[in-house]
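File shown: start_26.txt (compact mmCIF, C-alpha atoms).
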```txt
# COMPACT_ATOMS: atom_id res chain seq x y z
CA MET A 1 -12.35 -13.74 -22.14
CA ALA A 2 -9.58 -11.75 -20.47
CA ASN A 3 -6.30 -13.38 -19.57
CA SER A 4 -6.32 -14.13 -15.86
CA GLY A 5 -2.69 -15.28 -15.65
CA VAL A 6 -1.67 -18.19 -13.50
CA ALA A 7 -4.41 -19.07 -11.02
CA LEU A 8 -2.87 -20.49 -7.87
CA PRO A 9 -5.22 -21.71 -5.15
CA MET A 10 -6.01 -19.08 -2.52
CA SER A 11 -6.27 -19.91 1.17
CA ARG A 12 -9.60 -19.65 2.95
CA ASP A 13 -8.17 -16.94 5.26
CA ALA A 14 -7.14 -14.83 2.27
CA LEU A 15 -10.57 -15.14 0.64
CA GLU A 16 -12.33 -14.25 3.91
CA ALA A 17 -10.10 -11.21 4.48
CA LEU A 18 -10.74 -9.93 0.96
CA SER A 19 -14.48 -10.52 1.31
CA SER A 20 -14.52 -8.62 4.61
CA MET A 21 -13.18 -5.52 2.81
CA ARG A 22 -16.38 -5.40 0.73
CA SER A 23 -18.49 -4.64 3.79
CA GLY A 24 -16.43 -1.51 4.57
CA GLY A 25 -15.67 -2.66 8.09
CA PHE A 26 -12.59 -2.64 10.27
CA ILE A 27 -10.06 -4.07 7.81
CA ASN A 28 -8.73 -1.65 5.18
CA LEU A 29 -5.41 -3.33 4.30
CA VAL A 30 -5.08 -6.96 3.18
CA GLN A 31 -1.71 -8.33 2.12
CA LEU A 32 -1.30 -11.57 0.23
CA ALA A 33 1.88 -13.56 -0.27
CA ILE A 34 2.69 -16.58 -2.40
CA ASN A 35 3.98 -19.61 -0.57
CA VAL A 36 6.62 -20.58 -3.13
CA GLU A 37 7.05 -24.15 -1.86
CA LYS A 38 3.31 -24.97 -1.80
CA GLU A 39 2.50 -22.61 -4.71
CA THR A 40 -0.53 -21.21 -2.92
CA ILE A 41 -1.66 -17.67 -2.17
CA GLU A 42 -1.88 -17.03 1.54
CA LEU A 43 -2.92 -14.21 3.82
CA ALA A 44 0.19 -12.35 5.01
CA ASN A 45 -1.61 -9.64 6.99
CA ALA A 46 -5.02 -8.06 7.45
CA SER A 47 -5.24 -4.86 9.43
CA SER A 48 -6.66 -1.42 9.86
CA SER A 49 -4.00 1.07 8.90
CA ALA A 50 -3.95 4.84 8.55
CA ILE A 51 -2.66 6.25 5.28
CA ARG A 52 0.51 7.56 6.92
CA ASP A 53 1.29 4.11 8.38
CA PHE A 54 0.22 1.63 5.73
CA THR A 55 3.58 1.54 3.95
CA LYS A 56 5.29 0.77 7.27
CA VAL A 57 3.08 -2.30 7.73
CA MET A 58 3.85 -3.66 4.26
CA ALA A 59 6.85 -5.97 3.86
CA ASP A 60 9.75 -4.36 2.02
CA ASP A 61 11.94 -7.46 1.78
CA SER A 62 9.64 -9.71 -0.25
CA PRO A 63 6.93 -9.29 -2.93
CA ARG A 64 3.35 -8.67 -1.85
CA PHE A 65 -0.09 -8.15 -3.28
CA SER A 66 -1.88 -5.55 -1.18
CA PHE A 67 -5.44 -4.30 -1.23
CA PHE A 68 -5.84 -0.91 0.45
CA VAL A 69 -9.02 1.10 1.01
CA PHE A 70 -7.81 4.67 0.63
CA LYS A 71 -10.21 6.68 2.80
CA HIS A 72 -9.79 10.39 2.19
CA ILE A 73 -11.66 13.64 1.62
CA TYR A 74 -11.36 15.31 -1.76
CA ASP A 75 -13.21 18.54 -2.59
CA GLY A 76 -15.29 18.14 0.56
CA VAL A 77 -16.46 14.64 -0.39
CA GLU A 78 -15.43 11.57 1.58
CA GLU A 79 -14.16 8.81 -0.72
CA ALA A 80 -12.94 5.27 -0.11
CA PRO A 81 -11.60 3.78 -3.37
CA LEU A 82 -9.83 0.42 -3.38
CA ALA A 83 -6.25 0.24 -4.61
CA PHE A 84 -4.49 -2.96 -5.64
CA ILE A 85 -0.78 -2.56 -4.99
CA TYR A 86 1.84 -4.98 -6.29
CA THR A 87 5.26 -4.53 -4.69
CA CYS A 88 8.32 -6.51 -5.75
CA PRO A 89 11.72 -5.49 -4.37
CA PRO A 90 14.63 -5.81 -6.82
CA ASN A 91 16.41 -8.24 -4.47
CA SER A 92 13.59 -10.83 -4.77
CA THR A 93 14.52 -14.21 -6.22
CA ILE A 94 13.90 -14.83 -9.90
CA LYS A 95 11.32 -17.51 -9.05
CA GLU A 96 9.43 -15.03 -6.83
CA LYS A 97 9.49 -12.35 -9.51
CA ILE A 98 8.14 -14.74 -12.14
CA LEU A 99 5.48 -16.25 -9.86
CA TYR A 100 4.22 -12.91 -8.58
CA ALA A 101 4.16 -11.29 -12.02
CA SER A 102 2.28 -14.21 -13.56
CA CYS A 103 -0.26 -14.44 -10.70
CA ARG A 104 -1.10 -10.72 -10.54
CA ALA A 105 -4.01 -10.88 -13.01
CA GLY A 106 -5.40 -14.04 -11.38
CA ILE A 107 -5.45 -12.39 -7.96
CA VAL A 108 -7.30 -9.36 -9.33
CA THR A 109 -9.83 -11.61 -11.07
CA THR A 110 -10.41 -13.66 -7.89
CA ALA A 111 -10.82 -10.52 -5.76
CA GLU A 112 -13.35 -9.03 -8.16
CA ASN A 113 -15.31 -12.17 -9.12
CA GLU A 114 -15.22 -14.33 -5.98
CA CYS A 115 -14.92 -11.67 -3.26
CA GLY A 116 -17.05 -8.97 -4.89
CA LEU A 117 -14.44 -6.21 -4.71
CA LYS A 118 -14.29 -3.32 -7.17
CA ILE A 119 -10.68 -2.31 -7.69
CA ASN A 120 -10.44 1.36 -8.60
CA LYS A 121 -6.69 1.58 -9.27
CA LYS A 122 -3.87 -0.91 -9.88
CA LEU A 123 -0.43 0.26 -8.82
CA GLU A 124 3.07 -1.19 -8.86
CA ALA A 125 6.18 -0.26 -6.91
CA ALA A 126 9.52 -1.78 -6.06
CA TYR A 127 9.20 -0.83 -2.39
CA PRO A 128 6.16 0.15 -0.29
CA HIS A 129 7.73 3.45 0.80
CA GLU A 130 7.47 4.64 -2.83
CA LEU A 131 3.74 4.97 -2.25
CA GLY A 132 2.22 7.39 0.22
CA GLU A 133 -0.71 9.71 0.63
CA VAL A 134 0.62 12.22 -1.91
CA GLN A 135 1.21 9.53 -4.54
CA LEU A 136 -2.21 7.94 -3.97
CA LEU A 137 -3.96 11.31 -4.17
CA ASP A 138 -2.12 12.00 -7.42
CA GLU A 139 -3.19 8.61 -8.80
CA PHE A 140 -6.86 8.99 -7.86
CA HIS A 141 -7.12 12.74 -8.52
CA PRO A 142 -4.51 13.71 -11.12
CA THR A 143 -3.81 17.38 -11.62
CA PRO A 144 -5.26 18.45 -14.97
CA GLU A 145 -2.61 19.29 -17.49
CA ILE A 146 -2.76 22.83 -18.81
CA LYS A 147 -2.32 22.88 -22.56
CA HIS A 148 -0.75 25.90 -24.14
CA ILE A 149 -2.00 26.67 -27.60
CA PHE A 150 0.74 27.47 -30.05
CA GLN A 151 0.49 31.03 -31.29
CA ARG A 152 1.79 31.42 -34.82
CA PRO A 153 4.18 34.37 -34.94
CA LYS A 154 3.12 37.39 -36.95
CA ARG A 155 4.75 37.84 -40.32
CA PRO A 156 7.54 40.39 -40.35
CA GLY A 157 6.64 43.80 -41.74
CA ARG A 158 2.97 43.69 -40.78
```

In structure tokens, how does this file's structure come out?
Amino acid sequence: MANSGVALPMSRDALEALSSMRSGGFINLVQLAINVEKETIELANASSSAIRDFTKVMADDSPRFSFFVFKHIYDGVEEAPLAFIYTCPPNSTIKEKILYASCRAGIVTTAENECGLKINKKLEAAYPHELGEVQLLDEFHPTPEIKHIFQRPKRPGR
């Protein structure tokens, strides 16, 4: 059995928002936050956001767990993979950093098992603005690395 980290209770609103992403409807960005006092996971925001705007919607002053459906066209094929994005600004409190880091695996497990989501990529960043369309495209469709084969030099005098 895989380690699921600390499993804090998740609010009904958060579970419903995550479940609604499975149907491929209106919501393509769900943000979850931990209520440190109650030690529960709550819905911070659920919205429909374009790729160029989604980092502006995400909080940059406190940690967040975000689920984003990255709708795009690659090689003429429309794709909509789901990205799990964990952001934790360096100025977060130590308690927040510890709580968020220890709950990350539990949130992923809940989203996949209870809400029926299939997470295609798990990403981390200090601030939301570190992620954009270019970074997401690079994560989902990395540029193949060209390997150069070493050519042994010819012996001198031949």

Listed atoms of segment 23-40 of chain A boxed axis-aligned with 5 Å per side, centre + edges as AutoDock Vina command-line options:
```
--center_x -5.7 --center_y -13.2 --center_z 2.8 --size_x 35.5 --size_y 33.5 --size_z 25.0
```

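Interatomic distance, atom CA of Met21 of chain A to atom CA of Leu8 of chain A: 21.1 Å.
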
d(atom CA of Gly132 of chain A, atom CA of Lys118 of chain A) in Å |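 Spanning atom CA of Gly132 of chain A to atom CA of Lys118 of chain A is a straight-line distance of 21.0 Å.
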
When distances are computed from all atoms listed in the file, which of A:Met10, A:Ile98, A:Val108, A:Ile73 shows the smallest separation from His141 of chain A?
->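 Nearest to His141 of chain A: A:Ile73.
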
From the set A:Ile94, A:Leu137, A:Asp53, A:Val69, which residue has the shortest atom-to-atom contact distance to Phe26 of chain A, counting only C-alpha atoms?
->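 Closest candidate: A:Val69.
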
Nearest to His72 of chain A: which of A:Leu131, A:Leu136, A:Ala46, A:Ala59 is it, counting only C-alpha atoms?
-> A:Leu136
